Amino acid sequence: PEREGSLIIGMLIGQKQNIPNEVAEAFKITGLTHIVAVSGFNMTVIATACGALVWYIGRRATNILTIVVVGGFVVVTGASAAVVRAAIMAIIMVVAQLLGRQYASLYALLLVSTIMVLHNPRIVMWDIGFQLSVVATYGVLTAFQIKDPETTDSFLVDIMRPTIGAILFTAPIIILHFHTFSVIAPLANLLVLPFVTWIMLFGALTLLPIVGGAFLMPAQLLTSAILFITEKLAAVPYASVDVIAPPWVIFIYYSLLLLYINRRL
């Protein structure tokens, strides 16, 4: 069906043109728009899927295949700045494995972002997707790094840690550009994100010849579940509130947040 089909295409390659307006609005209210935007999460799924072949074709061949598939995915999705950033980081990670070197994600993020900004400085100010991609990735990475190794968090806290990290860093940019803040985003992400990987997997498998039809039903059921949860949460009063913040307030917010992270690290 159109609603489920358009959402799966959005998750796979970021094509959002066919997603119905009411669905897009529900995703905006609940802070779930990122699941239909191609990002580092897509690259992680692709790399993990390719990694499953290591037992059949060997580590070196798997790593080379991953680089080729990631490069092809960038071309298919239109090579936006956010996709290119995620793809280069994924390729650096694979190359590090090929060379037997340790991969440092924060340094890779800094290196790739610096190169892209030097190549095209305009993306810093005018490409919202690039802004959100970089700060969300930084938020997720630091959320894991500031964890105290001597304490044991609950299962729920471990699940929510990357989501909260991403929200803390992306919320000011969203407020600055769109003047809105999703109050219900943490709950929405907690309920929906476990479905996303499986939807992307089954959605991609439906493209296979002959056997692809067997994966249509699970893909549709999971997508229908996401749509049901998202629309119910979007209908909650004050799920999203209008917020206007001047740039100097956002500058102070980021300064304090980075100061806190620096002290924790």
# chains A, B, ... in the order shown; residues from 1 in each chain; ligands from 1

call {"tool": "residues_around", "arguments": {"residues": "segment 134-143 of chain A", "least_positions_apart": "5", "cutoff": "9 Å", "atoms": "only C-alpha atoms", "output": "list in words"}}
result
Gly40, Ala82, Arg85, Ala86, Ser105, Leu106, Leu109, Ser113, Gly129, Arg161, Pro162, Thr163, Ile164, Gly165, Ala166, Ile167, Leu168, Phe169, Thr170, Ile261 and Leu265 of chain A

call {"tool": "write_last_selection", "arguments": {"atoms": "C-alpha atoms", "output": "PDB file, in the first residue's frame"}}
result
ATOM      1  CA  GLY A  40      24.929   7.165   9.290  1.00  0.00           C
ATOM      2  CA  ALA A  82      24.934  14.292   5.036  1.00  0.00           C
ATOM      3  CA  ARG A  85      29.774  12.485   5.422  1.00  0.00           C
ATOM      4  CA  ALA A  86      28.356   9.189   6.680  1.00  0.00           C
ATOM      5  CA  SER A 105      35.077   7.631  15.492  1.00  0.00           C
ATOM      6  CA  LEU A 106      35.326  11.161  16.935  1.00  0.00           C
ATOM      7  CA  LEU A 109      34.044  12.788  12.326  1.00  0.00           C
ATOM      8  CA  SER A 113      33.692  17.331   8.516  1.00  0.00           C
ATOM      9  CA  GLY A 129      20.973  18.262   6.666  1.00  0.00           C
ATOM     10  CA  ARG A 161      21.554   6.994  25.697  1.00  0.00           C
ATOM     11  CA  PRO A 162      22.272   7.535  21.943  1.00  0.00           C
ATOM     12  CA  THR A 163      18.781   8.933  21.338  1.00  0.00           C
ATOM     13  CA  ILE A 164      19.076  11.485  24.148  1.00  0.00           C
ATOM     14  CA  GLY A 165      22.567  12.420  22.941  1.00  0.00           C
ATOM     15  CA  ALA A 166      21.270  13.085  19.442  1.00  0.00           C
ATOM     16  CA  ILE A 167      18.244  15.045  20.691  1.00  0.00           C
ATOM     17  CA  LEU A 168      20.341  17.272  22.972  1.00  0.00           C
ATOM     18  CA  PHE A 169      22.532  18.317  20.047  1.00  0.00           C
ATOM     19  CA  THR A 170      19.965  18.541  17.254  1.00  0.00           C
ATOM     20  CA  ILE A 261      31.096  16.974  27.981  1.00  0.00           C
ATOM     21  CA  LEU A 265      35.683  13.229  29.250  1.00  0.00           C
TER      22      LEU A 265
END

call {"tool": "atom_distance", "arguments": {"atom1": "atom CA of Leu193 of chain A", "atom2": "atom CA of Leu256 of chain A"}}
result
28.8 Å

call {"tool": "residues_around", "arguments": {"residues": "Pro194 of chain A", "least_positions_apart": "2", "cutoff": "12 Å", "atoms": "only C-alpha atoms", "output": "PDB file with C-alpha atoms, in the first residue's frame"}}
result
ATOM      1  CA  ILE A  35      14.302   7.661  10.103  1.00  0.00           C
ATOM      2  CA  ILE A 159      18.901   2.037  24.822  1.00  0.00           C
ATOM      3  CA  MET A 160      17.992   5.689  25.357  1.00  0.00           C
ATOM      4  CA  ALA A 188       8.625   7.968  20.151  1.00  0.00           C
ATOM      5  CA  ASN A 189      12.213   6.962  19.373  1.00  0.00           C
ATOM      6  CA  LEU A 190      12.201   4.345  22.129  1.00  0.00           C
ATOM      7  CA  LEU A 191       9.086   2.698  20.688  1.00  0.00           C
ATOM      8  CA  VAL A 192       9.864   3.023  16.976  1.00  0.00           C
ATOM      9  CA  VAL A 196      13.571   0.376  11.770  1.00  0.00           C
ATOM     10  CA  THR A 197      16.434  -2.047  11.152  1.00  0.00           C
ATOM     11  CA  TRP A 198      14.035  -4.919  10.442  1.00  0.00           C
ATOM     12  CA  ILE A 199      11.934  -2.782   8.087  1.00  0.00           C
ATOM     13  CA  MET A 200      15.050  -1.788   6.147  1.00  0.00           C
ATOM     14  CA  LEU A 222       6.199  -3.676  10.771  1.00  0.00           C
ATOM     15  CA  THR A 223       5.709  -0.479   8.768  1.00  0.00           C
ATOM     16  CA  ALA A 225       3.047  -0.712  13.358  1.00  0.00           C
ATOM     17  CA  ILE A 226       5.358   2.309  13.038  1.00  0.00           C
TER      18      ILE A 226
END

call {"tool": "select_by_dssp", "arguments": {"residues": "segment 6-211 of chain A", "states": "alpha helix (DSSP H)", "output": "VMD selection string"}}
result
chain A and resid 6 to 13 21 to 29 40 to 51 54 to 57 59 to 77 81 to 99 105 to 119 123 to 126 128 to 145 155 to 178 185 to 205

call {"tool": "atom_distance", "arguments": {"atom1": "atom CA of Ile64 of chain A", "atom2": "atom CA of Tyr107 of chain A"}}
result
22.4 Å

call {"tool": "atom_distance", "arguments": {"atom1": "atom CA of Ile8 of chain A", "atom2": "atom CA of Asn63 of chain A"}}
result
26.7 Å

call {"tool": "closest_residue", "arguments": {"among": "A:Val83, A:Ala104, A:Ala234, A:Leu53", "to": "Leu65 of chain A", "atoms": "only C-alpha atoms"}}
result
A:Leu53

call {"tool": "closest_atom_pairs", "arguments": {"of": "segment 169-202 of chain A", "to": "segment 23-26 of chain A", "cutoff": "12 Å", "atoms": "only C-alpha atoms", "output": "JSON lines"}}
result
{"residue": "A:Ser182", "atom": "CA", "partner": "A:Ala26", "partner_atom": "CA", "distance": 10.8}
{"residue": "A:Ile184", "atom": "CA", "partner": "A:Ala26", "partner_atom": "CA", "distance": 11.5}
{"residue": "A:Ala185", "atom": "CA", "partner": "A:Ala26", "partner_atom": "CA", "distance": 11.2}
{"residue": "A:Ala188", "atom": "CA", "partner": "A:Ala26", "partner_atom": "CA", "distance": 10.8}

call {"tool": "closest_atom_pairs", "arguments": {"of": "segment 107-160 of chain A", "to": "segment 174-178 of chain A", "cutoff": "12 Å", "atoms": "only C-alpha atoms", "output": "tab-separated table"}}
result
residue	atom	partner	partner_atom	distance
A:Met125	CA	A:His177	CA	11.2
A:Trp126	CA	A:His177	CA	10.6
A:Asp127	CA	A:His177	CA	11.1
A:Ile128	CA	A:His177	CA	8.3
A:Gly129	CA	A:Ile174	CA	10.5
A:Gln131	CA	A:Ile174	CA	10.0
A:Leu132	CA	A:Ile174	CA	8.3
A:Ser133	CA	A:Ile174	CA	11.9
A:Val135	CA	A:Ile174	CA	11.4
A:Ala136	CA	A:Ile174	CA	11.5

call {"tool": "write_last_selection", "arguments": {"atoms": "all heavy atoms", "output": "mmCIF file, in the first residue's frame"}}
result
data_model
loop_
_atom_site.group_PDB
_atom_site.id
_atom_site.type_symbol
_atom_site.label_atom_id
_atom_site.label_comp_id
_atom_site.auth_asym_id
_atom_site.auth_seq_id
_atom_site.Cartn_x
_atom_site.Cartn_y
_atom_site.Cartn_z
ATOM 1 N N MET A 125 26.587 26.927 6.824
ATOM 2 C CA MET A 125 25.491 27.852 7.088
ATOM 3 C C MET A 125 24.190 27.449 6.419
ATOM 4 O O MET A 125 23.106 27.687 6.960
ATOM 5 C CB MET A 125 25.890 29.268 6.623
ATOM 6 C CG MET A 125 27.041 29.880 7.400
ATOM 7 S SD MET A 125 26.634 30.133 9.144
ATOM 8 C CE MET A 125 25.323 31.341 8.996
ATOM 9 N N TRP A 126 24.264 26.844 5.242
ATOM 10 C CA TRP A 126 23.063 26.696 4.419
ATOM 11 C C TRP A 126 22.574 25.267 4.272
ATOM 12 O O TRP A 126 21.452 25.065 3.779
ATOM 13 C CB TRP A 126 23.315 27.297 3.033
ATOM 14 C CG TRP A 126 23.825 28.697 3.085
ATOM 15 C CD1 TRP A 126 25.035 29.148 2.647
ATOM 16 C CD2 TRP A 126 23.152 29.845 3.630
ATOM 17 N NE1 TRP A 126 25.162 30.496 2.879
ATOM 18 C CE2 TRP A 126 24.017 30.956 3.479
ATOM 19 C CE3 TRP A 126 21.908 30.039 4.228
ATOM 20 C CZ2 TRP A 126 23.676 32.225 3.908
ATOM 21 C CZ3 TRP A 126 21.571 31.308 4.658
ATOM 22 C CH2 TRP A 126 22.444 32.384 4.492
ATOM 23 N N ASP A 127 23.351 24.274 4.632
ATOM 24 C CA ASP A 127 22.909 22.884 4.494
ATOM 25 C C ASP A 127 22.462 22.357 5.860
ATOM 26 O O ASP A 127 23.273 21.895 6.666
ATOM 27 C CB ASP A 127 24.050 22.019 3.933
ATOM 28 C CG ASP A 127 23.560 20.663 3.445
ATOM 29 O OD1 ASP A 127 22.661 20.093 4.095
ATOM 30 O OD2 ASP A 127 24.073 20.179 2.424
ATOM 31 N N ILE A 128 21.153 22.406 6.116
ATOM 32 C CA ILE A 128 20.625 21.979 7.415
ATOM 33 C C ILE A 128 20.862 20.486 7.629
ATOM 34 O O ILE A 128 21.146 20.047 8.738
ATOM 35 C CB ILE A 128 19.127 22.318 7.517
ATOM 36 C CG1 ILE A 128 18.918 23.823 7.343
ATOM 37 C CG2 ILE A 128 18.554 21.851 8.839
ATOM 38 C CD1 ILE A 128 17.461 24.225 7.277
ATOM 39 N N GLY A 129 20.743 19.700 6.550
ATOM 40 C CA GLY A 129 20.973 18.262 6.666
ATOM 41 C C GLY A 129 22.371 17.938 7.146
ATOM 42 O O GLY A 129 22.565 17.058 7.983
ATOM 43 N N GLN A 131 24.338 19.991 8.908
ATOM 44 C CA GLN A 131 24.417 20.445 10.298
ATOM 45 C C GLN A 131 23.854 19.381 11.246
ATOM 46 O O GLN A 131 24.503 18.997 12.237
ATOM 47 C CB GLN A 131 23.641 21.750 10.468
ATOM 48 C CG GLN A 131 24.185 22.926 9.695
ATOM 49 C CD GLN A 131 23.256 24.125 9.757
ATOM 50 O OE1 GLN A 131 22.356 24.187 10.577
ATOM 51 N NE2 GLN A 131 23.473 25.086 8.869
ATOM 52 N N LEU A 132 22.657 18.913 10.938
ATOM 53 C CA LEU A 132 22.004 17.931 11.810
ATOM 54 C C LEU A 132 22.768 16.614 11.820
ATOM 55 O O LEU A 132 22.884 15.954 12.858
ATOM 56 C CB LEU A 132 20.557 17.697 11.355
ATOM 57 C CG LEU A 132 19.598 18.877 11.543
ATOM 58 C CD1 LEU A 132 18.247 18.573 10.885
ATOM 59 C CD2 LEU A 132 19.392 19.170 13.026
ATOM 60 N N SER A 133 23.298 16.226 10.661
ATOM 61 C CA SER A 133 24.038 14.966 10.566
ATOM 62 C C SER A 133 25.276 14.981 11.452
ATOM 63 O O SER A 133 25.542 14.027 12.194
ATOM 64 C CB SER A 133 24.431 14.712 9.104
ATOM 65 O OG SER A 133 25.298 13.608 8.995
ATOM 66 N N VAL A 135 26.076 17.100 14.086
ATOM 67 C CA VAL A 135 25.843 17.242 15.529
ATOM 68 C C VAL A 135 25.156 16.011 16.110
ATOM 69 O O VAL A 135 25.411 15.628 17.260
ATOM 70 C CB VAL A 135 25.038 18.520 15.856
ATOM 71 C CG1 VAL A 135 25.790 19.752 15.417
ATOM 72 C CG2 VAL A 135 23.647 18.486 15.244
ATOM 73 N N ALA A 136 24.274 15.363 15.328
ATOM 74 C CA ALA A 136 23.626 14.136 15.819
ATOM 75 C C ALA A 136 24.655 13.032 16.018
ATOM 76 O O ALA A 136 24.630 12.313 17.028
ATOM 77 C CB ALA A 136 22.541 13.685 14.842
#
